[in-house]
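K.L.:
Next up, target.cif (mmCIF, C-alpha atoms).
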data_model
loop_
_atom_site.group_PDB
_atom_site.id
_atom_site.type_symbol
_atom_site.label_atom_id
_atom_site.label_comp_id
_atom_site.auth_asym_id
_atom_site.auth_seq_id
_atom_site.Cartn_x
_atom_site.Cartn_y
_atom_site.Cartn_z
ATOM 1 C CA MET A 284 27.001 -1.208 -2.733
ATOM 2 C CA ALA A 285 27.719 1.090 0.216
ATOM 3 C CA GLY A 286 26.471 4.645 -0.097
ATOM 4 C CA ARG A 287 24.101 3.864 -2.951
ATOM 5 C CA ILE A 288 20.774 5.703 -2.792
ATOM 6 C CA ARG A 289 17.719 3.511 -3.120
ATOM 7 C CA LEU A 290 15.023 4.711 -5.531
ATOM 8 C CA GLU A 291 12.420 5.029 -2.785
ATOM 9 C CA ASP A 292 14.803 7.193 -0.706
ATOM 10 C CA ARG A 293 15.240 9.869 -3.358
ATOM 11 C CA GLU A 294 13.258 13.069 -3.034
ATOM 12 C CA CYS A 295 13.170 13.628 -6.798
ATOM 13 C CA PRO A 296 9.606 13.497 -8.163
ATOM 14 C CA LEU A 297 10.845 11.530 -11.173
ATOM 15 C CA SER A 298 12.118 8.695 -8.998
ATOM 16 C CA THR A 299 8.899 8.510 -6.999
ATOM 17 C CA THR A 300 6.841 8.517 -10.209
ATOM 18 C CA VAL A 301 8.969 5.742 -11.702
ATOM 19 C CA GLN A 302 8.466 3.801 -8.484
ATOM 20 C CA HIS A 303 4.705 3.765 -9.250
ATOM 21 C CA VAL A 304 4.589 3.487 -13.046
ATOM 22 C CA GLY A 305 8.095 2.455 -14.102
ATOM 23 C CA GLU A 306 7.307 -1.137 -15.039
ATOM 24 C CA TRP A 307 6.029 -1.405 -18.575
ATOM 25 C CA TRP A 308 3.166 -3.684 -17.504
ATOM 26 C CA THR A 309 1.890 -0.860 -15.335
ATOM 27 C CA LEU A 310 1.709 1.575 -18.233
ATOM 28 C CA LEU A 311 0.001 -1.019 -20.427
ATOM 29 C CA LEU A 312 -2.550 -1.834 -17.715
ATOM 30 C CA LEU A 313 -3.299 1.853 -17.239
ATOM 31 C CA HIS A 314 -3.589 2.308 -20.999
ATOM 32 C CA ASP A 315 -6.115 -0.530 -21.103
ATOM 33 C CA ALA A 316 -8.027 1.024 -18.202
ATOM 34 C CA PHE A 317 -8.209 4.295 -20.155
ATOM 35 C CA ASP A 318 -9.628 2.270 -23.055
ATOM 36 C CA GLY A 319 -12.424 1.021 -20.768
ATOM 37 C CA TYR A 320 -11.127 -2.347 -19.621
ATOM 38 C CA THR A 321 -12.083 -3.061 -16.009
ATOM 39 C CA ARG A 322 -12.139 -6.825 -15.537
ATOM 40 C CA PHE A 323 -9.302 -9.225 -14.828
ATOM 41 C CA ASP A 324 -10.064 -11.447 -17.824
ATOM 42 C CA GLU A 325 -10.183 -8.431 -20.164
ATOM 43 C CA PHE A 326 -6.731 -7.256 -19.045
ATOM 44 C CA GLN A 327 -5.348 -10.783 -19.224
ATOM 45 C CA GLU A 328 -6.695 -11.497 -22.691
ATOM 46 C CA ASN A 329 -5.602 -8.163 -24.132
ATOM 47 C CA LEU A 330 -2.101 -8.168 -22.640
ATOM 48 C CA GLY A 331 -1.353 -11.893 -22.736
ATOM 49 C CA ILE A 332 -0.015 -11.690 -19.181
ATOM 50 C CA SER A 333 0.037 -14.593 -16.720
ATOM 51 C CA SER A 334 -2.585 -14.651 -13.953
ATOM 52 C CA SER A 335 0.005 -14.388 -11.201
ATOM 53 C CA MET A 336 1.783 -11.443 -12.857
ATOM 54 C CA LEU A 337 -1.511 -9.657 -13.520
ATOM 55 C CA THR A 338 -2.695 -10.248 -9.952
ATOM 56 C CA ALA A 339 0.520 -8.748 -8.585
ATOM 57 C CA ARG A 340 0.372 -5.720 -10.906
ATOM 58 C CA LEU A 341 -3.284 -5.011 -10.142
ATOM 59 C CA LYS A 342 -2.642 -5.295 -6.386
ATOM 60 C CA THR A 343 0.188 -2.782 -6.714
ATOM 61 C CA LEU A 344 -1.946 -0.356 -8.724
ATOM 62 C CA VAL A 345 -4.707 -0.608 -6.108
ATOM 63 C CA ALA A 346 -2.232 -0.178 -3.229
ATOM 64 C CA ASP A 347 -0.736 2.871 -4.971
ATOM 65 C CA GLY A 348 -4.205 4.389 -5.344
ATOM 66 C CA LEU A 349 -4.233 4.348 -9.159
ATOM 67 C CA LEU A 350 -7.023 1.768 -9.452
ATOM 68 C CA GLU A 351 -9.930 0.926 -7.175
ATOM 69 C CA ARG A 352 -11.052 -2.694 -6.771
ATOM 70 C CA ARG A 353 -14.867 -2.972 -6.704
ATOM 71 C CA PRO A 354 -17.156 -6.004 -6.604
ATOM 72 C CA TYR A 355 -19.430 -6.227 -9.637
ATOM 73 C CA GLN A 356 -20.868 -9.701 -8.936
ATOM 74 C CA THR A 357 -21.683 -11.405 -5.633
ATOM 75 C CA ASN A 358 -22.093 -15.106 -6.439
ATOM 76 C CA PRO A 359 -19.314 -15.906 -7.073
ATOM 77 C CA VAL A 360 -17.646 -12.676 -5.990
ATOM 78 C CA ARG A 361 -15.970 -10.947 -8.929
ATOM 79 C CA HIS A 362 -14.163 -7.627 -8.942
ATOM 80 C CA GLU A 363 -13.480 -4.931 -11.459
ATOM 81 C CA TYR A 364 -10.633 -2.427 -11.468
ATOM 82 C CA VAL A 365 -11.619 1.187 -12.048
ATOM 83 C CA LEU A 366 -9.329 4.180 -12.445
ATOM 84 C CA THR A 367 -9.238 6.530 -9.480
ATOM 85 C CA GLU A 368 -8.849 10.273 -9.863
ATOM 86 C CA LEU A 369 -5.106 9.802 -9.271
ATOM 87 C CA GLY A 370 -4.996 7.109 -11.942
ATOM 88 C CA ARG A 371 -6.930 9.265 -14.418
ATOM 89 C CA SER A 372 -4.424 12.064 -13.836
ATOM 90 C CA LEU A 373 -1.772 9.893 -15.527
ATOM 91 C CA ARG A 374 -3.547 9.970 -18.904
ATOM 92 C CA PRO A 375 -1.606 12.996 -20.201
ATOM 93 C CA VAL A 376 1.647 11.214 -19.305
ATOM 94 C CA ILE A 377 0.633 8.104 -21.233
ATOM 95 C CA VAL A 378 -0.562 10.208 -24.171
ATOM 96 C CA ALA A 379 2.776 12.070 -24.183
ATOM 97 C CA LEU A 380 4.737 8.794 -24.114
ATOM 98 C CA ALA A 381 2.711 7.402 -27.023
ATOM 99 C CA ALA A 382 3.187 10.649 -28.962
ATOM 100 C CA TRP A 383 6.945 10.496 -28.359
ATOM 101 C CA GLY A 384 6.965 6.951 -29.730
ATOM 102 C CA ASN A 385 4.916 7.958 -32.769
ATOM 103 C CA ASN A 386 7.145 10.956 -33.495
ATOM 104 C CA ARG A 387 9.963 8.499 -34.123
ATOM 105 C CA LEU A 388 7.940 6.730 -36.831
ATOM 106 C CA ALA A 389 6.790 7.754 -40.284
ATOM 107 C CA PRO A 390 2.986 8.204 -40.350
ATOM 108 C CA PRO A 391 2.353 4.957 -42.294
ATOM 109 C CA GLN A 392 4.285 3.005 -39.616
ATOM 110 C CA ARG A 393 2.085 4.127 -36.692
ATOM 111 C CA SER A 394 -0.202 1.424 -35.313
ATOM 112 C CA MET A 395 -2.107 3.738 -32.968
ATOM 113 C CA ILE A 396 -2.774 7.457 -33.246
ATOM 114 C CA LEU A 397 -4.614 10.013 -31.133
ATOM 115 C CA ILE A 398 -7.626 11.651 -32.736
ATOM 116 C CA ASP A 399 -10.253 14.216 -31.828
ATOM 117 C CA ALA A 400 -13.303 12.027 -31.075
ATOM 118 C CA ALA A 401 -15.718 14.573 -32.574
ATOM 119 C CA SER A 402 -13.915 15.355 -35.830
ATOM 120 C CA GLY A 403 -11.849 12.212 -36.373
ATOM 121 C CA GLU A 404 -8.827 14.406 -37.105
ATOM 122 C CA GLU A 405 -5.433 13.252 -35.871
ATOM 123 C CA VAL A 406 -4.010 15.440 -33.122
ATOM 124 C CA GLU A 407 -0.417 16.007 -32.097
ATOM 125 C CA PRO A 408 -0.126 16.102 -28.316
ATOM 126 C CA VAL A 409 2.459 18.395 -26.763
ATOM 127 C CA VAL A 410 3.242 19.325 -23.182
ATOM 128 C CA VAL A 411 2.553 22.969 -22.411
ATOM 129 C CA ASP A 412 2.579 25.276 -19.417
ATOM 130 C CA ALA A 413 -1.037 25.602 -18.264
ATOM 131 C CA LYS A 414 -0.561 29.290 -17.426
ATOM 132 C CA THR A 415 1.046 30.496 -20.677
ATOM 133 C CA GLY A 416 0.241 27.741 -23.162
ATOM 134 C CA ARG A 417 3.906 27.637 -24.212
ATOM 135 C CA ARG A 418 5.502 24.299 -25.126
ATOM 136 C CA LEU A 419 7.845 22.853 -22.507
ATOM 137 C CA ASP A 420 10.180 21.048 -24.888
ATOM 138 C CA ASP A 421 12.984 23.626 -24.725
ATOM 139 C CA SER A 422 15.430 22.620 -22.005
ATOM 140 C CA GLN A 423 17.111 26.031 -22.092
ATOM 141 C CA THR A 424 13.923 28.002 -21.441
ATOM 142 C CA TYR A 425 12.444 25.697 -18.797
ATOM 143 C CA VAL A 426 14.698 24.295 -16.095
ATOM 144 C CA PHE A 427 14.164 22.542 -12.780
ATOM 145 C CA THR A 428 14.851 24.352 -9.546
ATOM 146 C CA ALA A 429 14.627 23.357 -5.905
ATOM 147 C CA GLY A 430 11.111 23.527 -4.502
ATOM 148 C CA PRO A 431 9.946 24.716 -1.101
ATOM 149 C CA ALA A 432 10.440 21.297 0.534
ATOM 150 C CA ALA A 433 13.849 20.604 -1.027
ATOM 151 C CA SER A 434 16.687 19.289 1.086
ATOM 152 C CA ALA A 435 20.101 20.928 1.127
ATOM 153 C CA ALA A 436 21.320 18.301 -1.341
ATOM 154 C CA MET A 437 18.475 19.085 -3.744
ATOM 155 C CA ARG A 438 19.100 22.828 -3.386
ATOM 156 C CA SER A 439 22.774 22.345 -4.242
ATOM 157 C CA ARG A 440 21.843 20.266 -7.288
ATOM 158 C CA TYR A 441 19.358 22.873 -8.535
ATOM 159 C CA PRO A 442 20.805 26.263 -7.561
ATOM 160 C CA HIS A 443 18.615 28.234 -10.000
ATOM 161 C CA THR A 444 16.820 31.112 -8.373
ATOM 162 C CA GLY A 445 13.588 30.791 -10.290
ATOM 163 C CA LEU A 446 10.376 31.347 -8.405
ATOM 164 C CA THR A 447 7.912 28.642 -7.565
ATOM 165 C CA ARG A 448 4.227 29.379 -7.755
ATOM 166 C CA SER A 449 3.773 28.895 -4.031
ATOM 167 C CA GLN A 450 6.687 30.942 -2.723
ATOM 168 C CA PRO A 451 9.967 32.513 -3.783
ATOM 169 C CA ALA A 452 13.140 30.441 -3.677
ATOM 170 C CA GLU A 453 15.235 30.871 -0.555
ATOM 171 C CA GLY A 454 17.124 34.158 -0.616
ATOM 172 C CA VAL A 455 15.116 35.687 -3.463
ATOM 173 C CA GLU A 456 13.199 38.855 -2.769
ATOM 174 C CA VAL A 457 10.019 39.474 -4.671
ATOM 175 C CA GLY A 458 9.183 43.079 -5.474
ATOM 176 C CA GLU A 459 6.412 44.759 -7.352
ATOM 177 C CA GLY A 460 6.711 45.779 -10.957
#
Since I need it in another form, could you write the structure as structure tokens?

P.N.:
Amino acid sequence: MAGRIRLEDRECPLSTTVQHVGEWWTLLLLHDAFDGYTRFDEFQENLGISSSMLTARLKTLVADGLLERRPYQTNPVRHEYVLTELGRSLRPVIVALAAWGNNRLAPPQRSMILIDAASGEEVEPVVVDAKTGRRLDDSQTYVFTAGPAASAAMRSRYPHTGLTRSQPAEGVEVGEG
């Protein structure tokens, strides 16, 4: 279709994130990696995924820098897949998605819950602003605005004059007090 914007051409951080983790296999593989799985056969057995599909997904996760492929055996050569720092940074996203799914279910219907490892108590994850600790679930209080690198199209979509942490929005003066 003429004039259609391809996902990879969008400057929106949501579209670029979905480009990396949008396929459900990707999220499940990352979830397994957070649970300590590192080897091809472990992922395959747990997910019930075909070898060719798993190979393709793991290659993509390595290429995207979310997993690192390391040899763990030399004869024959075998590799393991270990989360990178970038991959580990996705854990809060996966936790939030699981919490959203659980919030739609009555407690007895939940097949997996998040607990405090020390106390065994169930916890309820929420997304908060790191600076204030306030929950970010109110779409009237927290809104998107164009960032410092935004194009003209992005600035017209998000005309709010909120300040970014790195610099004020274009045309906004910052004074003391």

K.L.:
Output the residue selection produced by the PyMOL selection byres ((chain A and resi 380-390) around 12) on the file above, formatted as an MDAnalysis selection string.

P.N.:
chainID A and resid 307 310:311 314 373:379 391:398 405:410 420

K.L.:
Which distance in Å separates atom CA of Asp324 of chain A and atom CA of Trp308 of chain A, to one decimal?

P.N.:
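It comes out at 15.3 Å.
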
K.L.:
Hey, what's within 10 Å of Lys342 of chain A if we count only C-alpha atoms and toss same-chain stuff fewer than 5 positions away? As a list in words, please?

P.N.:
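Selected residues are Met336, Leu337, Asp347, Gly348, Leu350, Glu351, Arg352 and Tyr364 of chain A.
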
K.L.:
With only C-alpha atoms as the atoms that count, which of A:Glu404, A:Phe326, A:Arg418, A:Phe317 lies nearest to Ser372 of chain A?

P.N.:
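Comparing A:Glu404, A:Phe326, A:Arg418, A:Phe317 against Ser372 of chain A, the winner is A:Phe317.
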
K.L.:
Which residue out of A:Glu368, A:Arg322, A:Gln423, A:Leu330 has the minimum interatomic distance to Arg353 of chain A when all atoms listed in the file are used?

P.N.:
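Using all atoms listed in the file, the shortest distance to Arg353 of chain A belongs to A:Arg322.
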
K.L.:
For atom CA of Ala339 of chain A and atom CA of Tyr355 of chain A, determine how far apart the two atoms are, in Å to one decimal place.

P.N.:
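Atom CA of Ala339 of chain A sits 20.1 Å away from atom CA of Tyr355 of chain A.
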